[in-house]
Every structure is written in structure tokens, then in C-alpha cells.
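**Student:** What follows is coords-v2.cif; its format and atoms are mmCIF, C-alpha atoms.
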```
data_query
#
loop_
_atom_site.label_atom_id
_atom_site.label_comp_id
_atom_site.auth_asym_id
_atom_site.auth_seq_id
_atom_site.Cartn_x
_atom_site.Cartn_y
_atom_site.Cartn_z
CA MET A 9 4.71 2.73 -2.80
CA LEU A 10 6.49 5.93 -1.76
CA SER A 11 6.68 4.57 1.80
CA GLU A 12 6.45 1.24 3.48
CA PRO A 13 2.95 -0.24 3.91
CA ARG A 14 1.59 -0.40 7.44
CA SER A 15 1.40 -4.17 7.13
CA GLY A 16 5.14 -4.14 6.43
CA ARG A 17 5.89 -2.21 9.60
CA LEU A 18 3.65 -4.48 11.67
CA ALA A 19 5.21 -7.66 10.24
CA ALA A 20 8.83 -6.49 10.37
CA TRP A 21 8.83 -5.09 13.89
CA GLY A 22 6.42 -7.74 15.11
CA ASN A 23 8.84 -10.40 13.88
CA ALA A 24 11.70 -8.68 15.69
CA LEU A 25 9.65 -8.69 18.88
CA LEU A 26 8.67 -12.35 18.50
CA ALA A 27 12.35 -13.22 18.02
CA GLY A 28 13.32 -11.32 21.17
CA ASP A 29 15.40 -8.76 19.30
CA ILE A 30 13.53 -5.67 20.56
CA SER A 31 11.25 -4.67 23.43
CA PRO A 32 7.44 -4.52 23.13
CA ASP A 33 7.44 -0.73 23.56
CA ASP A 34 10.05 -0.23 20.82
CA ALA A 35 8.10 -2.51 18.48
CA ALA A 36 4.86 -0.64 19.05
CA LEU A 37 6.56 2.74 18.53
CA ALA A 38 8.08 1.64 15.23
CA ILE A 39 4.82 0.12 13.97
CA VAL A 40 2.78 3.24 14.72
CA GLY A 41 5.30 5.46 12.94
CA GLU A 42 3.76 8.83 12.12
CA ASP A 43 0.21 7.68 12.87
CA ALA A 44 -1.52 8.77 16.06
CA VAL A 45 -2.58 5.40 17.41
CA HIS A 46 -3.05 1.76 16.38
CA ARG A 47 -5.62 -0.54 17.97
CA VAL A 48 -6.29 -4.24 17.42
CA GLN A 49 -9.82 -5.57 17.59
CA GLY A 50 -11.27 -9.04 17.32
CA LEU A 51 -8.53 -10.79 19.30
CA PRO A 52 -9.76 -14.00 20.94
CA GLY A 53 -10.47 -13.30 24.59
CA GLU A 54 -10.53 -9.52 24.15
CA PRO A 55 -14.04 -8.06 23.89
CA ALA A 56 -12.73 -4.54 23.18
CA PRO A 57 -9.93 -3.11 21.05
CA VAL A 58 -6.46 -3.28 22.62
CA GLY A 59 -3.12 -1.62 22.04
CA LEU A 60 -0.31 -3.08 19.97
CA THR A 61 1.82 -4.17 22.91
CA LEU A 62 -0.95 -6.26 24.43
CA ALA A 63 -2.07 -7.54 21.02
CA LEU A 64 1.39 -8.79 20.00
CA GLY A 65 1.81 -10.49 23.36
CA ARG A 66 -1.59 -12.13 23.07
CA LEU A 67 -0.83 -13.37 19.55
CA ARG A 68 2.34 -14.98 20.83
CA THR A 69 0.42 -16.82 23.57
CA LEU A 70 -2.01 -18.00 20.87
CA GLY A 71 0.87 -19.69 19.05
CA VAL A 72 1.97 -17.05 16.55
CA THR A 73 5.70 -17.33 15.83
CA GLY A 74 5.96 -15.09 12.77
CA LEU A 75 4.15 -12.52 10.66
CA ARG A 76 3.90 -12.40 6.87
CA VAL A 77 2.82 -9.54 4.60
CA ALA A 78 0.23 -9.68 1.83
CA LEU A 79 -0.05 -6.90 -0.78
CA PRO A 80 -2.91 -8.01 -3.03
CA ALA A 81 -4.28 -6.20 -6.06
CA PRO A 82 -7.23 -6.99 -8.35
CA GLY A 83 -6.47 -10.26 -10.09
CA HIS A 84 -3.34 -10.82 -8.00
CA PRO A 85 -3.91 -12.25 -4.46
CA LEU A 86 -0.25 -11.74 -3.54
CA GLY A 87 0.55 -13.25 -0.14
CA LEU A 88 -2.98 -14.45 0.60
CA SER A 89 -4.13 -17.99 1.39
CA GLY A 90 -7.88 -17.55 2.03
CA PRO A 91 -10.60 -17.91 3.01
CA PRO A 92 -12.52 -15.67 0.57
CA GLU A 93 -13.83 -13.40 3.34
CA PHE A 94 -10.33 -12.54 4.52
CA ASN A 95 -9.05 -12.17 0.97
CA ALA A 96 -11.84 -9.73 0.16
CA ARG A 97 -11.06 -7.55 3.20
CA ALA A 98 -7.35 -7.62 2.41
CA LEU A 99 -7.96 -6.74 -1.24
CA GLU A 100 -10.10 -3.78 -0.21
CA ALA A 101 -7.33 -2.53 2.10
CA GLU A 102 -4.64 -3.50 -0.46
CA GLU A 103 -2.61 -5.07 2.35
CA ALA A 104 -2.77 -7.46 5.29
CA VAL A 105 -0.66 -9.39 7.77
CA VAL A 106 -0.96 -13.18 7.93
CA CYS A 107 0.19 -14.96 11.10
CA PHE A 108 2.49 -17.96 11.00
CA GLY A 109 1.91 -20.59 13.68
CA ALA A 110 -1.76 -19.78 14.24
CA ALA A 111 -4.59 -19.22 11.77
CA PHE A 112 -5.11 -15.48 12.16
CA GLY A 113 -4.77 -12.50 9.86
CA LEU A 114 -4.90 -8.76 10.46
CA VAL A 115 -6.34 -6.19 8.04
CA PRO A 116 -5.89 -2.46 8.68
CA GLU A 117 -8.68 0.09 8.57
CA VAL A 118 -7.22 3.59 8.27
CA TYR A 119 -9.21 6.72 9.03
CA ALA A 120 -8.75 10.36 9.97
CA ALA A 121 -9.96 11.56 13.36
CA GLY A 122 -10.08 14.85 15.22
CA PRO A 123 -11.49 18.32 14.57
CA ASP A 124 -11.01 20.25 11.35
CA GLY A 125 -7.51 21.65 11.20
CA ASP A 126 -6.17 19.08 13.65
CA LEU A 127 -6.81 15.75 11.94
CA HIS A 128 -4.68 12.74 12.74
CA ILE A 129 -4.50 9.19 11.42
CA GLU A 130 -5.73 6.25 13.46
CA VAL A 131 -5.52 2.60 12.47
CA ALA A 132 -7.76 -0.27 13.55
CA TRP A 133 -6.37 -3.75 12.86
CA HIS A 134 -9.14 -6.32 12.44
CA VAL A 135 -8.22 -9.88 13.45
CA LEU A 136 -9.86 -12.49 11.20
CA PRO A 137 -9.48 -16.25 10.65
CA VAL A 138 -7.26 -17.35 7.77
CA ARG A 139 -6.60 -20.61 6.00
CA GLU A 140 -3.34 -22.32 6.89
CA ALA A 141 -1.81 -22.74 3.45
CA PRO A 142 1.20 -21.42 1.49
CA PRO A 143 0.77 -17.74 0.54
CA ALA A 144 0.05 -17.00 -3.11
CA ASP A 145 2.80 -16.02 -5.56
CA VAL A 146 5.54 -15.04 -3.07
CA PRO A 147 9.05 -15.43 -4.57
CA SER A 148 12.29 -16.10 -2.75
CA LEU A 149 14.63 -13.19 -2.09
CA GLY A 150 16.93 -14.35 -4.88
CA GLU A 151 14.08 -14.61 -7.36
CA ALA A 152 12.75 -11.20 -6.33
CA GLU A 153 16.12 -9.53 -6.78
CA ARG A 154 16.61 -10.99 -10.26
CA GLU A 155 13.06 -10.12 -11.32
CA LEU A 156 13.43 -6.52 -10.12
CA ALA A 157 16.63 -5.94 -12.06
CA GLU A 158 15.18 -7.39 -15.26
CA ALA A 159 11.83 -5.59 -14.97
CA LEU A 160 13.50 -2.28 -14.25
CA ARG A 161 15.72 -2.52 -17.32
CA GLU A 162 12.81 -3.40 -19.60
CA ALA A 163 10.47 -0.76 -18.20
CA THR A 164 13.10 1.99 -18.28
CA GLU A 165 13.74 1.35 -21.97
CA VAL A 166 10.05 1.41 -22.89
CA LEU A 167 9.21 4.43 -20.74
CA SER A 168 12.15 6.40 -22.10
CA LYS A 169 10.94 5.81 -25.65
CA LEU A 170 7.48 7.02 -24.65
CA ASP A 171 8.88 10.09 -22.84
CA VAL A 172 7.11 9.32 -19.56
CA ALA A 173 10.05 9.12 -17.20
CA GLY A 174 9.46 11.14 -14.02
CA SER A 175 9.94 14.83 -14.75
CA GLY A 176 8.52 18.18 -13.79
CA PRO A 177 8.21 19.85 -10.37
CA VAL A 178 5.87 17.27 -8.81
CA ALA A 179 8.10 14.36 -9.80
CA GLU A 180 11.24 16.20 -8.71
CA ALA A 181 9.71 16.99 -5.32
CA ALA A 182 8.77 13.34 -4.80
CA ILE A 183 12.28 12.19 -5.72
CA ASP A 184 13.84 14.80 -3.40
CA ALA A 185 11.59 13.64 -0.54
CA TYR A 186 12.61 10.02 -1.12
CA ARG A 187 16.30 10.94 -1.13
CA ALA A 188 15.88 12.99 2.07
CA ARG A 189 14.34 10.01 3.83
CA ALA A 190 17.22 7.79 2.69
CA GLU A 191 19.81 10.32 3.82
CA ARG A 192 18.23 10.49 7.28
CA GLY A 193 19.37 6.90 7.67
CA ARG A 194 15.93 5.44 8.28
CA GLN A 195 15.96 1.79 9.26
CA VAL A 196 14.41 -0.03 6.32
CA LEU A 197 13.78 -3.27 8.19
CA ALA A 198 13.76 -4.31 11.82
CA PRO A 199 16.63 -6.13 13.56
CA GLY A 200 17.02 -9.76 12.57
CA TYR A 201 16.49 -9.34 8.82
CA PRO A 202 19.30 -10.39 6.47
CA PRO A 203 21.15 -7.67 4.50
CA ARG A 204 19.82 -9.10 1.24
CA ALA A 205 16.24 -8.46 2.41
CA VAL A 206 17.12 -4.83 3.12
CA ARG A 207 18.67 -4.48 -0.34
CA VAL A 208 15.67 -6.05 -2.07
CA LEU A 209 13.18 -3.90 -0.14
CA GLU A 210 15.04 -0.67 -0.88
CA LEU A 211 15.17 -1.47 -4.59
CA ALA A 212 11.50 -2.48 -4.62
CA GLN A 213 10.53 0.81 -2.97
CA ARG A 214 12.56 2.81 -5.49
CA VAL A 215 11.00 0.92 -8.38
CA GLY A 216 7.56 1.46 -6.88
CA MET A 217 8.22 5.18 -6.58
CA LEU A 218 9.19 5.41 -10.25
CA VAL A 219 6.06 3.51 -11.27
CA SER A 220 3.91 5.85 -9.17
CA LEU A 221 5.54 8.90 -10.77
CA ALA A 222 5.05 7.51 -14.26
CA TYR A 223 1.37 6.81 -13.59
CA GLY A 224 0.81 10.19 -11.98
CA ASN A 225 2.73 12.28 -14.49
CA GLY A 226 -0.05 12.74 -17.03
CA HIS A 227 0.35 11.23 -20.45
CA GLY A 228 3.88 12.54 -20.96
CA GLY A 229 4.81 12.02 -24.56
CA ALA A 230 2.32 9.16 -24.91
CA VAL A 231 -0.22 11.17 -26.84
CA SER A 232 -1.83 8.38 -28.83
CA SER A 233 -4.04 5.65 -27.43
CA ALA A 234 -1.54 3.06 -28.68
CA GLU A 235 1.31 4.78 -26.84
CA MET A 236 -0.73 5.08 -23.64
CA ALA A 237 -1.60 1.39 -23.87
CA ALA A 238 2.08 0.59 -24.35
CA ARG A 239 2.98 2.61 -21.28
CA SER A 240 0.38 0.81 -19.16
CA ALA A 241 1.59 -2.51 -20.50
CA ALA A 242 5.14 -1.59 -19.47
CA LEU A 243 4.15 -0.40 -16.00
CA ARG A 244 1.84 -3.24 -14.94
CA PRO A 245 4.43 -6.00 -14.79
CA VAL A 246 7.08 -3.86 -13.12
CA GLU A 247 4.60 -2.69 -10.46
CA ARG A 248 3.62 -6.31 -9.87
CA THR A 249 7.28 -7.29 -9.61
CA ALA A 250 7.95 -4.52 -7.09
CA ARG A 251 5.05 -5.66 -4.91
CA ARG A 252 6.23 -9.28 -5.05
CA ALA A 253 9.72 -8.17 -4.04
CA GLN A 254 8.41 -6.16 -1.10
CA VAL A 255 6.49 -9.17 0.17
CA ALA A 256 9.52 -11.42 -0.28
CA ALA A 257 11.67 -9.03 1.77
CA TYR A 258 9.19 -8.63 4.62
CA ASN A 259 8.51 -12.38 4.75
CA SER A 260 12.12 -13.50 4.49
CA VAL A 261 12.75 -14.14 8.20
CA VAL A 262 9.62 -16.29 8.47
CA GLU A 263 10.53 -18.21 5.32
CA GLU A 264 14.05 -18.85 6.63
CA ARG A 265 12.67 -20.02 9.96
CA GLU A 266 10.22 -22.34 8.21
CA ARG A 267 12.95 -23.84 6.01
CA GLY A 268 15.12 -24.45 9.07
CA ARG A 269 12.46 -26.45 10.90
#
```
Translate the structure described by the file into C-alpha cells.

**Tutor:**
Amino acid sequence: MLSEPRSGRLAAWGNALLAGDISPDDAALAIVGEDAVHRVQGLPGEPAPVGLTLALGRLRTLGVTGLRVALPAPGHPLGLSGPPEFNARALEAEEAVVCFGAAFGLVPEVYAAGPDGDLHIEVAWHVLPVREAPPADVPSLGEAERELAEALREATEVLSKLDVAGSGPVAEAAIDAYRARAERGRQVLAPGYPPRAVRVLELAQRVGMLVSLAYGNGHGGAVSSAEMAARSAALRPVERTARRAQVAAYNSVVEERERGR
């Protein structure tokens, strides 16, 4: 969780486009980010893969009025509503976008292309049918913010006792990179999102970074099996909370629109 998921970029900037807040070209540019190209395949009426601009326009004509994010993990189908085939593909990718207003979902397939020494990342979004039902385990923004603050306090206390807080050159480099991105003034969410969603997403990303560093920083001071089990027990719920908060932030404009209907 050192950077936003591709499903988050697609949902956030796709929602801004659907709301008329940005142009199709600007939306596509923001969604692609540092990747080389994104294509969408499996769209009704399109026998071949198409670009993002055409795909987003076609989804709108099919009745899509909003895009939600799903960030599932084993045992936690966060943001999903079925059917099992779609859930399985989303779980394998660890992310997906679920359309609101029409029963479609998009799952990314990410791969490297090009010759050795000049590889670039391409993304194929697969359009699949989904079940029209409330997404699983998605909190409100208020709930997500409260849960993040509580989980972070509890995890920080436990991890400090176990001496596994991020440290060392690898951890320091990751933290410096995160701070550099923040100082560049990157736009966390697309136009149209409430300030609270931006705040929740930023905190969720910071929490996710700390969890990633703690998992990837060896055993730290947790030298016994009991201590390592305690560390994992401390990290699992805070990582889950951070994912739930990310989904809540990305989905907030759709949830507000749905409540206002």
C-alpha cells in the first residue's frame, strides 16, 4: 500500500469524469499514471480491446453512473458483491472496480512488455458481470476514520514493545520516498471528492506503508515464535482497517450520491 491501487485511480478519476468534473483525456491520463497503456476488454459491443476514453464513455451509455473500489484479501471479500467467478478474479488481482448503475465489474491484469532493458507496464481491464448487491464490509467515512485512529494507536504500542517499528536503510528510504511524493503535492483524489475522503485516504495510505515496512523488516526484536505471532496478530487487524478505509474513501462519492437519491 505504498501507492494507490490502480482500481482506486480508475474509480476516482472515472467518477470525476462521470460527474462532468474533468475531460475524458484528463481522466485517462490520470488513470494510466506511470504505466505505459491501459486497455479494456470484454465491453458489450466491442469485440476487441479499447482505450480508456472509449471504455468510460461506453460504460456511461450502458447506464453506469459511478465506480466503486474493491480490495479483497483471503477471507475478506472487501467491496465485492459476487458472483463467485468475479470474486475469484478480483481476489487473485487483489483489487477490482465495481460499477454502480449497471451490473459490470472490471479486474486488472498487469504485465510487463517490451524487450529486455526497456520493459514497461501494461494493464488490461477485464469487464465481467457482477451481482447488483451492497458491497461487502465497506464502512462509512466516519467509521473508517475512527477505526484507523484506534487501530494505529493499538498497533503502534504493540509493535514498539516488539521492536519492529520501521527502521534501517530500507525502511528509511521507503519513508523518504513517501514524504517526497507528499511534498510534490500529488492530488490524492480526483475533483468532486469531499475533504474528509482525502484525509481518510492519506491516513490509510500512511498506515498501510507502516504495516508494509513492519512486515518487510525481518523479525526485528521479535525473536521468539510467540513474539512473531504477537506481531502478526497486531498487524493483521490494522492492515485490514487500512484497506477498509481506502475503500471507504474511494467509494464515498458514490455512497453520497446513492444516499441522496

**Student:** Given the file shown, enumerate the residues that the PyMOL selection byres ((chain A and resi 70) around 12) captures and present them as a list in words.

**Tutor:**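 Given this file, the PyMOL selection byres ((chain A and resi 70) around 12) evaluates to Leu51, Pro52, Gly53, Ala63, Leu64, Gly65, Arg66, Leu67, Arg68, Thr69, Gly71, Val72, Thr73, Gly74, Cys107, Phe108, Gly109, Ala110, Ala111 and Phe112 of chain A.
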
**Student:** I'd like the interatomic distance between CA of Val196 (chain A) and CA of Gly83 (chain A), to a tenth of an Å.

**Tutor:** 28.5 Å

**Student:** Since I can't run it myself right now, could you work out what the PyMOL selection byres ((chain A and resi 257) around 9) selects here and report it as a PyMOL selection string?

**Tutor:** chain A and resi 148-149+152+197+201+204-209+252-256+258-261

**Student:** Nearest residue to Leu62 (chain A) out of A:Gly200, A:Pro92, A:Pro245, A:Gly22, using only C-alpha atoms?

**Tutor:**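 Of the candidates, the smallest distance to Leu62 (chain A) is held by A:Gly22.
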
**Student:** Find the residues near region 119-123 of chain A: any atom within 12 Å, counting only C-alpha atoms, skip ones fewer than 2 places away on the same chain, and give them as a JSON list (two decimals) with C-alpha atoms, in the frame of the given file.

**Tutor:**
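That gives us result-v8.json:
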```
[["chain", "number", "residue", "atom", "x", "y", "z"],
["A", 43, "ASP", "CA", 0.21, 7.68, 12.87],
["A", 44, "ALA", "CA", -1.52, 8.77, 16.06],
["A", 45, "VAL", "CA", -2.58, 5.40, 17.41],
["A", 46, "HIS", "CA", -3.05, 1.76, 16.38],
["A", 101, "ALA", "CA", -7.33, -2.53, 2.10],
["A", 116, "PRO", "CA", -5.89, -2.46, 8.68],
["A", 117, "GLU", "CA", -8.68, 0.09, 8.57],
["A", 125, "GLY", "CA", -7.51, 21.65, 11.20],
["A", 126, "ASP", "CA", -6.17, 19.08, 13.65],
["A", 127, "LEU", "CA", -6.81, 15.75, 11.94],
["A", 128, "HIS", "CA", -4.68, 12.74, 12.74],
["A", 129, "ILE", "CA", -4.50, 9.19, 11.42],
["A", 130, "GLU", "CA", -5.73, 6.25, 13.46],
["A", 131, "VAL", "CA", -5.52, 2.60, 12.47],
["A", 132, "ALA", "CA", -7.76, -0.27, 13.55],
["A", 133, "TRP", "CA", -6.37, -3.75, 12.86]]
```

**Student:** In Å to one decimal, how far is CA of Pro202 (chain A) from CA of Ile30 (chain A)?

**Tutor:**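 Spanning CA of Ile30 (chain A) to CA of Pro202 (chain A) is a straight-line distance of 15.9 Å.
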
**Student:** Written as a ChimeraX atom specification, which residues does the PyMOL selection byres ((chain A and resi 158-161) around 8) give for the file shown?

**Tutor:** /A:154-157,162-165,215,245-246,249

**Student:** If I take CA of Glu266 (chain A) and CA of Pro147 (chain A), how far is one from the other in Å, to one decimal?

**Tutor:** 14.6 Å

**Student:** Once you add 3 Å to each side, what are the centre and edge lengths of the axis-aligned box holding all listed atoms of region 121-128 of chain A? One decimal in Å, as JSON, if you can.

**Tutor:**
```
{"center_x": -8.1, "center_y": 16.6, "center_z": 13.2, "size_x": 12.8, "size_y": 16.1, "size_z": 10.0}
```

**Student:** With only C-alpha atoms as the basis for distance, which of A:Ala35, A:Ala144, A:Val135, A:Leu243 is at the shortest distance from Ala78 (chain A)?

**Tutor:**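 So, comparing all the options, the nearest one is A:Ala144.
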
**Student:** Would you kindly return, as an MDAnalysis selection string, each protein, DNA or RNA residue with an atom no farther than 12 Å from any atom of Asn95 (chain A), considering only C-alpha atoms and excluding same-chain residues fewer than 5 positions away?

**Tutor:** chainID A and resid 78:90 100:106 113:115 136:139 143:144
